[in-house]
>>> print(open('my_file-v1.cif').read())   # mmCIF, C-alpha atoms and all ligand atoms
data_start
#
loop_
_atom_site.label_atom_id
_atom_site.label_comp_id
_atom_site.auth_asym_id
_atom_site.auth_seq_id
_atom_site.Cartn_x
_atom_site.Cartn_y
_atom_site.Cartn_z
CA MET A 279 -9.98 7.87 -3.36
CA SER A 280 -12.39 7.97 -0.40
CA ASN A 281 -14.92 5.28 0.48
CA SER A 282 -17.97 7.15 -0.85
CA ASN A 283 -19.00 9.47 -3.68
CA ARG A 284 -17.25 7.18 -6.11
CA ASN A 285 -18.34 6.39 -9.65
CA VAL A 286 -19.03 2.70 -10.10
CA LEU A 287 -19.78 0.55 -13.16
CA ILE A 288 -21.30 -2.86 -12.45
CA THR A 289 -21.74 -5.29 -15.32
CA GLY A 290 -24.80 -7.46 -14.73
CA GLY A 291 -25.85 -5.08 -11.98
CA THR A 292 -29.51 -6.04 -12.33
CA GLY A 293 -29.01 -9.79 -11.74
CA PHE A 294 -29.34 -11.60 -8.41
CA LEU A 295 -25.86 -10.83 -7.10
CA GLY A 296 -25.71 -7.69 -9.22
CA SER A 297 -28.78 -6.14 -7.58
CA ALA A 298 -27.31 -6.72 -4.14
CA VAL A 299 -24.03 -5.13 -5.19
CA THR A 300 -25.79 -2.18 -6.83
CA LYS A 301 -27.76 -1.55 -3.63
CA ALA A 302 -24.64 -1.89 -1.48
CA PHE A 303 -22.72 0.76 -3.44
CA LEU A 304 -25.74 3.10 -3.48
CA SER A 305 -26.01 2.76 0.30
CA LEU A 306 -22.39 3.92 0.56
CA GLY A 307 -23.28 7.10 -1.33
CA ASP A 308 -21.65 6.08 -4.59
CA THR A 309 -22.90 6.82 -8.10
CA VAL A 310 -23.77 3.62 -9.93
CA ALA A 311 -24.18 2.60 -13.57
CA VAL A 312 -25.14 -0.96 -14.48
CA THR A 313 -25.17 -2.86 -17.73
CA TYR A 314 -28.10 -5.05 -18.68
CA LEU A 315 -29.08 -7.22 -21.62
CA PHE A 316 -32.82 -7.79 -21.20
CA ASP A 317 -35.44 -5.19 -20.30
CA ASP A 318 -37.10 -7.75 -18.00
CA GLU A 319 -34.17 -7.50 -15.58
CA VAL A 320 -34.35 -3.72 -15.44
CA ASN A 321 -38.10 -3.90 -14.87
CA ARG A 322 -37.60 -6.45 -12.09
CA PHE A 323 -34.97 -4.23 -10.44
CA LYS A 324 -37.33 -1.23 -10.62
CA GLN A 325 -40.24 -3.28 -9.29
CA TYR A 326 -38.31 -4.49 -6.22
CA ASN A 327 -36.40 -1.24 -5.67
CA PRO A 328 -38.77 1.58 -6.66
CA ASP A 329 -37.02 4.08 -4.40
CA LEU A 330 -33.58 3.35 -5.88
CA SER A 331 -34.36 3.09 -9.58
CA ASP A 332 -33.91 6.78 -10.33
CA GLU A 333 -30.46 6.67 -8.76
CA VAL A 334 -29.14 4.03 -11.17
CA THR A 335 -27.95 4.61 -14.73
CA PHE A 336 -29.03 1.58 -16.79
CA LEU A 337 -26.88 0.97 -19.87
CA TYR A 338 -27.84 -1.64 -22.45
CA ALA A 339 -24.70 -3.58 -23.45
CA ASN A 340 -23.68 -7.04 -24.52
CA VAL A 341 -20.37 -7.09 -22.69
CA THR A 342 -19.04 -9.98 -24.77
CA GLU A 343 -18.67 -7.50 -27.66
CA GLU A 344 -15.63 -5.22 -27.82
CA SER A 345 -17.40 -2.21 -29.34
CA ALA A 346 -20.29 -2.39 -26.85
CA VAL A 347 -17.84 -2.50 -23.96
CA GLN A 348 -15.89 0.51 -25.22
CA THR A 349 -19.12 2.45 -25.77
CA THR A 350 -20.25 1.61 -22.22
CA ILE A 351 -16.99 2.76 -20.63
CA ASP A 352 -16.97 5.95 -22.74
CA THR A 353 -20.60 6.68 -21.82
CA CYS A 354 -19.84 6.31 -18.11
CA ILE A 355 -16.79 8.55 -18.27
CA ASN A 356 -18.65 11.20 -20.29
CA LYS A 357 -21.61 11.13 -17.88
CA PHE A 358 -19.74 10.89 -14.56
CA GLY A 359 -16.46 12.62 -15.46
CA HIS A 360 -14.41 9.63 -14.40
CA LEU A 361 -14.76 6.02 -13.26
CA ASP A 362 -13.37 4.78 -9.92
CA ILE A 363 -14.64 1.22 -9.70
CA LEU A 364 -15.48 -1.61 -12.09
CA VAL A 365 -17.25 -4.73 -10.83
CA ASN A 366 -17.52 -7.52 -13.39
CA ILE A 367 -20.51 -9.65 -12.41
CA VAL A 368 -21.83 -10.82 -15.79
CA GLY A 369 -21.59 -14.59 -15.98
CA GLY A 370 -23.54 -17.77 -16.39
CA PHE A 371 -23.45 -21.52 -16.04
CA VAL A 372 -23.33 -24.54 -18.34
CA GLY A 373 -22.87 -27.89 -16.60
CA GLY A 374 -23.82 -31.52 -16.51
CA ILE A 375 -22.23 -32.30 -19.89
CA ASP A 376 -19.05 -34.37 -20.21
CA THR A 377 -16.42 -32.69 -22.35
CA VAL A 378 -16.66 -35.22 -25.20
CA GLU A 379 -20.37 -34.38 -25.50
CA LEU A 380 -19.94 -30.62 -25.14
CA GLU A 381 -20.89 -28.71 -28.27
CA GLU A 382 -18.53 -26.02 -29.52
CA ASP A 383 -21.14 -23.29 -29.17
CA LYS A 384 -21.62 -24.10 -25.47
CA TRP A 385 -17.85 -23.96 -24.91
CA ASP A 386 -17.67 -20.62 -26.72
CA PHE A 387 -20.68 -19.33 -24.79
CA MET A 388 -18.97 -20.00 -21.44
CA MET A 389 -15.64 -18.52 -22.54
CA ASN A 390 -17.29 -15.40 -23.94
CA LEU A 391 -19.77 -14.78 -21.15
CA ASN A 392 -17.58 -15.62 -18.15
CA LEU A 393 -14.06 -14.81 -19.32
CA LYS A 394 -13.96 -12.63 -22.43
CA SER A 395 -16.42 -10.19 -20.88
CA VAL A 396 -14.02 -9.64 -17.96
CA PHE A 397 -11.05 -9.28 -20.31
CA LEU A 398 -12.83 -6.72 -22.49
CA CYS A 399 -14.14 -4.62 -19.59
CA CYS A 400 -10.81 -4.59 -17.74
CA ARG A 401 -8.86 -3.82 -20.90
CA ALA A 402 -11.18 -0.92 -21.72
CA VAL A 403 -11.15 0.68 -18.27
CA ILE A 404 -7.52 0.24 -17.16
CA PRO A 405 -6.03 2.96 -19.41
CA HIS A 406 -8.52 5.44 -17.91
CA MET A 407 -7.70 4.33 -14.35
CA THR A 408 -3.97 4.40 -15.08
CA GLY A 409 -4.36 7.96 -16.36
CA GLN A 410 -6.01 9.10 -13.14
CA GLY A 411 -3.62 7.06 -10.97
CA SER A 412 -6.35 5.15 -9.12
CA GLY A 413 -9.01 2.50 -9.59
CA LYS A 414 -10.51 -0.64 -8.14
CA ILE A 415 -11.62 -3.69 -10.11
CA VAL A 416 -13.41 -6.69 -8.65
CA ASN A 417 -14.14 -9.72 -10.83
CA VAL A 418 -16.44 -12.65 -10.07
CA SER A 419 -14.75 -16.02 -10.40
CA ALA A 420 -16.11 -19.15 -8.66
CA ARG A 421 -14.86 -21.95 -6.43
CA ALA A 422 -15.29 -24.20 -9.47
CA GLY A 423 -12.42 -22.26 -11.03
CA LEU A 424 -9.96 -23.83 -8.60
CA LYS A 425 -10.27 -27.42 -9.78
CA GLY A 426 -11.70 -29.16 -12.83
CA GLU A 427 -14.81 -31.22 -12.12
CA ALA A 428 -16.54 -33.84 -14.28
CA GLY A 429 -19.27 -32.37 -16.45
CA LEU A 430 -18.18 -28.81 -15.73
CA SER A 431 -15.10 -28.29 -17.89
CA ALA A 432 -16.20 -25.14 -19.72
CA TYR A 433 -17.48 -23.51 -16.54
CA CYS A 434 -14.38 -24.48 -14.51
CA VAL A 435 -11.97 -23.32 -17.24
CA SER A 436 -13.79 -20.00 -17.73
CA LYS A 437 -13.96 -19.21 -14.02
CA GLY A 438 -10.38 -20.41 -13.48
CA GLY A 439 -9.47 -18.06 -16.30
CA VAL A 440 -11.08 -15.16 -14.45
CA ARG A 441 -8.85 -15.94 -11.46
CA THR A 442 -5.61 -16.10 -13.45
CA LEU A 443 -6.59 -13.09 -15.57
CA THR A 444 -7.10 -11.19 -12.30
CA GLU A 445 -3.59 -12.18 -11.18
CA SER A 446 -2.03 -11.08 -14.48
CA LEU A 447 -3.83 -7.74 -14.45
CA ALA A 448 -2.93 -7.12 -10.80
CA ALA A 449 0.74 -7.66 -11.55
CA GLU A 450 0.53 -5.35 -14.56
CA VAL A 451 -1.12 -2.44 -12.72
CA MET A 452 0.42 -2.68 -9.25
CA ASP A 453 2.43 0.53 -9.76
CA SER A 454 -0.50 2.46 -11.23
CA GLY A 455 -2.64 2.87 -8.12
CA ILE A 456 -5.07 0.19 -9.28
CA ASN A 457 -6.20 -2.91 -7.40
CA VAL A 458 -7.60 -5.94 -9.24
CA ASN A 459 -9.07 -8.76 -7.19
CA CYS A 460 -11.68 -11.46 -7.60
CA ILE A 461 -14.13 -13.26 -5.38
CA MET A 462 -15.01 -16.94 -5.59
CA PRO A 463 -18.59 -17.81 -4.59
CA SER A 464 -19.53 -21.47 -4.24
CA ILE A 465 -23.32 -21.45 -4.25
CA MET A 466 -25.41 -18.40 -3.47
CA ASP A 467 -28.96 -18.26 -2.20
CA THR A 468 -30.74 -17.11 -5.38
CA PRO A 469 -34.26 -17.91 -6.61
CA MET A 470 -32.76 -19.72 -9.59
CA ASN A 471 -30.65 -21.99 -7.36
CA ARG A 472 -33.66 -22.65 -5.09
CA ASP A 473 -35.70 -23.68 -8.14
CA ALA A 474 -32.90 -25.92 -9.43
CA MET A 475 -32.15 -27.52 -6.04
CA PRO A 476 -35.36 -27.42 -3.98
CA ASP A 477 -34.28 -30.21 -1.58
CA GLU A 478 -30.96 -28.65 -0.57
CA ASP A 479 -30.49 -26.90 2.78
CA HIS A 480 -30.78 -23.28 1.61
CA THR A 481 -29.73 -21.94 4.99
CA ARG A 482 -26.17 -23.06 4.19
CA TRP A 483 -26.03 -20.97 1.03
CA VAL A 484 -24.39 -17.57 0.99
CA LYS A 485 -26.70 -14.56 0.66
CA PRO A 486 -25.90 -12.16 -2.20
CA ASP A 487 -26.01 -9.26 0.28
CA ALA A 488 -23.12 -10.83 2.22
CA VAL A 489 -21.09 -11.29 -0.95
CA ALA A 490 -21.82 -7.68 -1.89
CA LYS A 491 -20.27 -6.52 1.39
CA VAL A 492 -17.03 -8.34 0.56
CA ILE A 493 -16.96 -6.74 -2.89
CA CYS A 494 -17.47 -3.30 -1.34
CA PHE A 495 -14.68 -3.98 1.15
CA LEU A 496 -12.30 -4.85 -1.70
CA THR A 497 -12.97 -1.41 -3.19
CA SER A 498 -12.34 0.40 0.10
CA ASP A 499 -9.19 2.18 1.24
CA ASP A 500 -8.79 -0.45 3.96
CA ALA A 501 -8.26 -3.06 1.24
CA SER A 502 -5.67 -1.08 -0.69
CA ILE A 503 -2.93 -3.63 0.17
CA ILE A 504 -4.96 -6.45 -1.38
CA ASN A 505 -4.07 -6.93 -5.05
CA GLY A 506 -4.35 -10.05 -7.21
CA ALA A 507 -6.30 -11.96 -4.56
CA ALA A 508 -8.98 -14.58 -5.11
CA ILE A 509 -11.20 -14.34 -2.04
CA PRO A 510 -13.30 -17.41 -1.12
CA VAL A 511 -16.87 -16.42 -0.18
CA TYR A 512 -18.18 -19.92 0.47
CA GLY A 513 -19.82 -19.42 3.87
CA ARG A 514 -21.02 -22.90 4.86
CA ALA A 515 -21.83 -23.97 1.30
N1 LIG A 601 -25.44 -18.08 -8.38
C1 LIG A 601 -24.41 -18.76 -7.88
O1 LIG A 601 -24.58 -19.64 -7.02
C2 LIG A 601 -23.01 -18.46 -8.35
C3 LIG A 601 -21.95 -19.24 -7.90
C4 LIG A 601 -20.64 -18.93 -8.32
C5 LIG A 601 -20.43 -17.86 -9.17
N2 LIG A 601 -21.51 -17.13 -9.60
C6 LIG A 601 -21.25 -16.01 -10.50
O2 LIG A 601 -21.80 -14.83 -9.94
C7 LIG A 601 -22.21 -13.96 -11.00
C8 LIG A 601 -23.66 -13.54 -10.78
O3 LIG A 601 -24.47 -14.69 -10.71
P1 LIG A 601 -26.05 -14.60 -10.49
O4 LIG A 601 -26.48 -15.88 -9.92
O5 LIG A 601 -26.38 -13.34 -9.80
O6 LIG A 601 -26.52 -14.59 -12.02
P2 LIG A 601 -27.60 -13.70 -12.81
O7 LIG A 601 -28.68 -13.21 -11.92
O8 LIG A 601 -27.99 -14.49 -14.02
O9 LIG A 601 -26.73 -12.45 -13.26
C9 LIG A 601 -25.99 -12.45 -14.44
C10 LIG A 601 -26.14 -11.10 -15.07
O10 LIG A 601 -25.40 -11.11 -16.29
C11 LIG A 601 -26.17 -10.43 -17.27
N3 LIG A 601 -25.75 -10.89 -18.60
C12 LIG A 601 -25.81 -12.14 -19.09
N4 LIG A 601 -25.27 -12.18 -20.31
C13 LIG A 601 -24.84 -10.92 -20.59
C14 LIG A 601 -24.16 -10.32 -21.67
N5 LIG A 601 -23.76 -11.03 -22.74
N6 LIG A 601 -23.91 -8.99 -21.62
C15 LIG A 601 -24.31 -8.27 -20.56
N7 LIG A 601 -24.93 -8.79 -19.50
C16 LIG A 601 -25.19 -10.10 -19.51
C17 LIG A 601 -27.58 -10.74 -16.93
O11 LIG A 601 -28.39 -9.73 -17.45
P3 LIG A 601 -29.67 -10.09 -18.35
O12 LIG A 601 -30.50 -11.04 -17.57
O13 LIG A 601 -30.29 -8.77 -18.63
O14 LIG A 601 -29.08 -10.77 -19.53
C18 LIG A 601 -27.56 -10.72 -15.41
O15 LIG A 601 -27.79 -9.42 -14.95
C19 LIG A 601 -21.94 -14.69 -12.30
O16 LIG A 601 -20.69 -14.33 -12.80
C20 LIG A 601 -21.92 -16.14 -11.86
O17 LIG A 601 -21.17 -16.96 -12.72
C21 LIG A 601 -22.78 -17.39 -9.22
#
>>> encode(input="my_file-v1.cif", output="structure tokens", more="lines below")
Ligand SMILES: NC(=O)c1ccc[n+]([C@@H]2O[C@H](COP(=O)([O-])OP(=O)(O)OC[C@H]3O[C@@H](n4cnc5c(N)ncnc54)[C@H](OP(=O)(O)O)[C@@H]3O)[C@@H](O)[C@H]2O)c1
Amino acid sequence: MSNSNRNVLITGGTGFLGSAVTKAFLSLGDTVAVTYLFDDEVNRFKQYNPDLSDEVTFLYANVTEESAVQTTIDTCINKFGHLDILVNIVGGFVGGIDTVELEEDKWDFMMNLNLKSVFLCCRAVIPHMTGQGSGKIVNVSARAGLKGEAGLSAYCVSKGGVRTLTESLAAEVMDSGINVNCIMPSIMDTPMNRDAMPDEDHTRWVKPDAVAKVICFLTSDDASIINGAAIPVYGRA
């Protein structure tokens, strides 16, 4: 596999980090499909990137649902011929609630959105990548997945799960020409984080574009000896 003209599927590719990653792969000359859940996000991507919108295949999919994930992978393979790269970016945050107060639906929401989505997408794409003898997968964990923190149990467990799931998958596919790695952001400089924490020093936060470059590197030939890694992308945050 070369470092351009690859077929890439990015879940959540219209979000804050997702948009940066989508643009980074397009700039490398790759073909990109992204999943989305709400039309607003697609419209926002098109508004801010009018010159790129026609280059992206937008696929509606709730990636916490097995059938939707399989349909998405099948659609990509039918349209592109094959899939080289999967980047699992879909995720979210629930915090500030001690575990004894945490409602079951919030726990399930975190596990489904952050962890099950990665499991389903990896499980659906790996047989295809194994068949072609090559593939790169990058998952998005978080620094919070390294250690449990008060008020963050569901988030920490789900993101820690992404890290250990990545390790299991990497061990399972190491002889199949596939690399599975994850990155661990701490806090990124997104509009949502600025709104939530207006008094913080935003200059210390990591820019999504910088994180996107690390993700692209992990899918490059130069990173082919990296498998099962959890890469910190904390910057100064
Ligand atoms: N922001 C941070 O500081 C930070 C720190 C550590 C880790 N992370 C992780 O980095 C990733 C990206 O974060 P972000 O800040 O860029 O968040 P974001 O903008 O909210 O992106 C999340 C994306 O997931 C999509 N999504 C949500 N639920 C979905 C579902 N069920 N099926 C399909 N798509 C769904 C959203 O699409 P719709 O809006 O269309 O639903 C959106 O495109 C996440 O995994 C997050 O946990 C972020």
>>> closest_residue(input="my_file-v1.cif", among="A:Asn340, A:Ser464, A:Thr292, A:Ser345", to="Ser419 of chain A", atoms="all atoms listed in the file")
A:Ser464
>>> residues_near_ligand(input="my_file-v1.cif", ligand="ligand LIG 601 (chain A)", cutoff="9 Å", atoms="only C-alpha atoms and all ligand atoms", output="VMD selection string")
chain A and resid 289 to 298 312 to 320 338 to 343 366 to 371 390 to 392 395 417 to 422 433 437 461 to 471 483 to 484 486
>>> residues_near_point(input="my_file-v1.cif", point="(-17.9, 12.8, -4.1)", cutoff="12 Å", atoms="all atoms listed in the file", output="short mmCIF file (atom, residue, chain, number, x, y, z; two decimals) with C-alpha atoms, keeping the file's coordinate frame")
data_model
loop_
_atom_site.label_atom_id
_atom_site.label_comp_id
_atom_site.auth_asym_id
_atom_site.auth_seq_id
_atom_site.Cartn_x
_atom_site.Cartn_y
_atom_site.Cartn_z
CA MET A 279 -9.98 7.87 -3.36
CA SER A 280 -12.39 7.97 -0.40
CA ASN A 281 -14.92 5.28 0.48
CA SER A 282 -17.97 7.15 -0.85
CA ASN A 283 -19.00 9.47 -3.68
CA ARG A 284 -17.25 7.18 -6.11
CA ASN A 285 -18.34 6.39 -9.65
CA VAL A 286 -19.03 2.70 -10.10
CA LEU A 306 -22.39 3.92 0.56
CA GLY A 307 -23.28 7.10 -1.33
CA ASP A 308 -21.65 6.08 -4.59
CA THR A 309 -22.90 6.82 -8.10
CA PHE A 358 -19.74 10.89 -14.56
CA GLY A 359 -16.46 12.62 -15.46
CA HIS A 360 -14.41 9.63 -14.40
CA LEU A 361 -14.76 6.02 -13.26
CA ASP A 362 -13.37 4.78 -9.92
#
>>> closest_residue(input="my_file-v1.cif", among="A:Thr377, A:Ser412, A:Asn457, A:Ser446", to="Gly429 of chain A", atoms="only C-alpha atoms")
A:Thr377
>>> atom_distance(input="my_file-v1.cif", atom1="atom CA of Gly423 of chain A", atom2="atom CA of Phe303 of chain A")
26.3 Å
>>> decode(input="my_file-v1.cif", residues="segment 351-366 of chain A", atoms="N, CA and C atoms", output="PDB file, in the first residue's frame")
ATOM      1  N   ILE A 351     -19.862  -0.422   5.542  1.00  0.00           N
ATOM      2  CA  ILE A 351     -18.637  -1.051   5.024  1.00  0.00           C
ATOM      3  C   ILE A 351     -18.904  -1.618   3.625  1.00  0.00           C
ATOM      4  N   ASP A 352     -20.048  -2.291   3.462  1.00  0.00           N
ATOM      5  CA  ASP A 352     -20.383  -2.873   2.150  1.00  0.00           C
ATOM      6  C   ASP A 352     -20.518  -1.783   1.088  1.00  0.00           C
ATOM      7  N   THR A 353     -21.146  -0.670   1.466  1.00  0.00           N
ATOM      8  CA  THR A 353     -21.323   0.436   0.513  1.00  0.00           C
ATOM      9  C   THR A 353     -19.975   0.975   0.063  1.00  0.00           C
ATOM     10  N   CYS A 354     -19.067   1.153   1.023  1.00  0.00           N
ATOM     11  CA  CYS A 354     -17.723   1.663   0.681  1.00  0.00           C
ATOM     12  C   CYS A 354     -17.002   0.709  -0.262  1.00  0.00           C
ATOM     13  N   ILE A 355     -17.049  -0.570   0.053  1.00  0.00           N
ATOM     14  CA  ILE A 355     -16.319  -1.546  -0.768  1.00  0.00           C
ATOM     15  C   ILE A 355     -16.926  -1.617  -2.173  1.00  0.00           C
ATOM     16  N   ASN A 356     -18.256  -1.578  -2.244  1.00  0.00           N
ATOM     17  CA  ASN A 356     -18.911  -1.598  -3.563  1.00  0.00           C
ATOM     18  C   ASN A 356     -18.554  -0.363  -4.377  1.00  0.00           C
ATOM     19  N   LYS A 357     -18.501   0.797  -3.702  1.00  0.00           N
ATOM     20  CA  LYS A 357     -18.247   2.059  -4.421  1.00  0.00           C
ATOM     21  C   LYS A 357     -16.774   2.216  -4.807  1.00  0.00           C
ATOM     22  N   PHE A 358     -15.879   1.877  -3.851  1.00  0.00           N
ATOM     23  CA  PHE A 358     -14.449   2.126  -4.085  1.00  0.00           C
ATOM     24  C   PHE A 358     -13.701   0.902  -4.627  1.00  0.00           C
ATOM     25  N   GLY A 359     -14.289  -0.274  -4.495  1.00  0.00           N
ATOM     26  CA  GLY A 359     -13.592  -1.500  -4.901  1.00  0.00           C
ATOM     27  C   GLY A 359     -12.936  -2.198  -3.724  1.00  0.00           C
ATOM     28  N   HIS A 360     -12.311  -1.413  -2.867  1.00  0.00           N
ATOM     29  CA  HIS A 360     -11.747  -1.971  -1.640  1.00  0.00           C
ATOM     30  C   HIS A 360     -11.531  -0.835  -0.641  1.00  0.00           C
ATOM     31  N   LEU A 361     -11.225  -1.210   0.588  1.00  0.00           N
ATOM     32  CA  LEU A 361     -11.021  -0.228   1.662  1.00  0.00           C
ATOM     33  C   LEU A 361      -9.635  -0.457   2.263  1.00  0.00           C
ATOM     34  N   ASP A 362      -8.828   0.606   2.311  1.00  0.00           N
ATOM     35  CA  ASP A 362      -7.464   0.502   2.850  1.00  0.00           C
ATOM     36  C   ASP A 362      -7.374   0.920   4.310  1.00  0.00           C
ATOM     37  N   ILE A 363      -8.177   1.930   4.675  1.00  0.00           N
ATOM     38  CA  ILE A 363      -7.988   2.569   5.982  1.00  0.00           C
ATOM     39  C   ILE A 363      -9.342   2.804   6.644  1.00  0.00           C
ATOM     40  N   LEU A 364      -9.400   2.497   7.928  1.00  0.00           N
ATOM     41  CA  LEU A 364     -10.566   2.839   8.761  1.00  0.00           C
ATOM     42  C   LEU A 364     -10.078   3.701   9.916  1.00  0.00           C
ATOM     43  N   VAL A 365     -10.706   4.866  10.090  1.00  0.00           N
ATOM     44  CA  VAL A 365     -10.408   5.717  11.244  1.00  0.00           C
ATOM     45  C   VAL A 365     -11.693   5.868  12.051  1.00  0.00           C
ATOM     46  N   ASN A 366     -11.673   5.373  13.277  1.00  0.00           N
ATOM     47  CA  ASN A 366     -12.856   5.421  14.137  1.00  0.00           C
ATOM     48  C   ASN A 366     -12.794   6.646  15.038  1.00  0.00           C
TER      49      ASN A 366
END
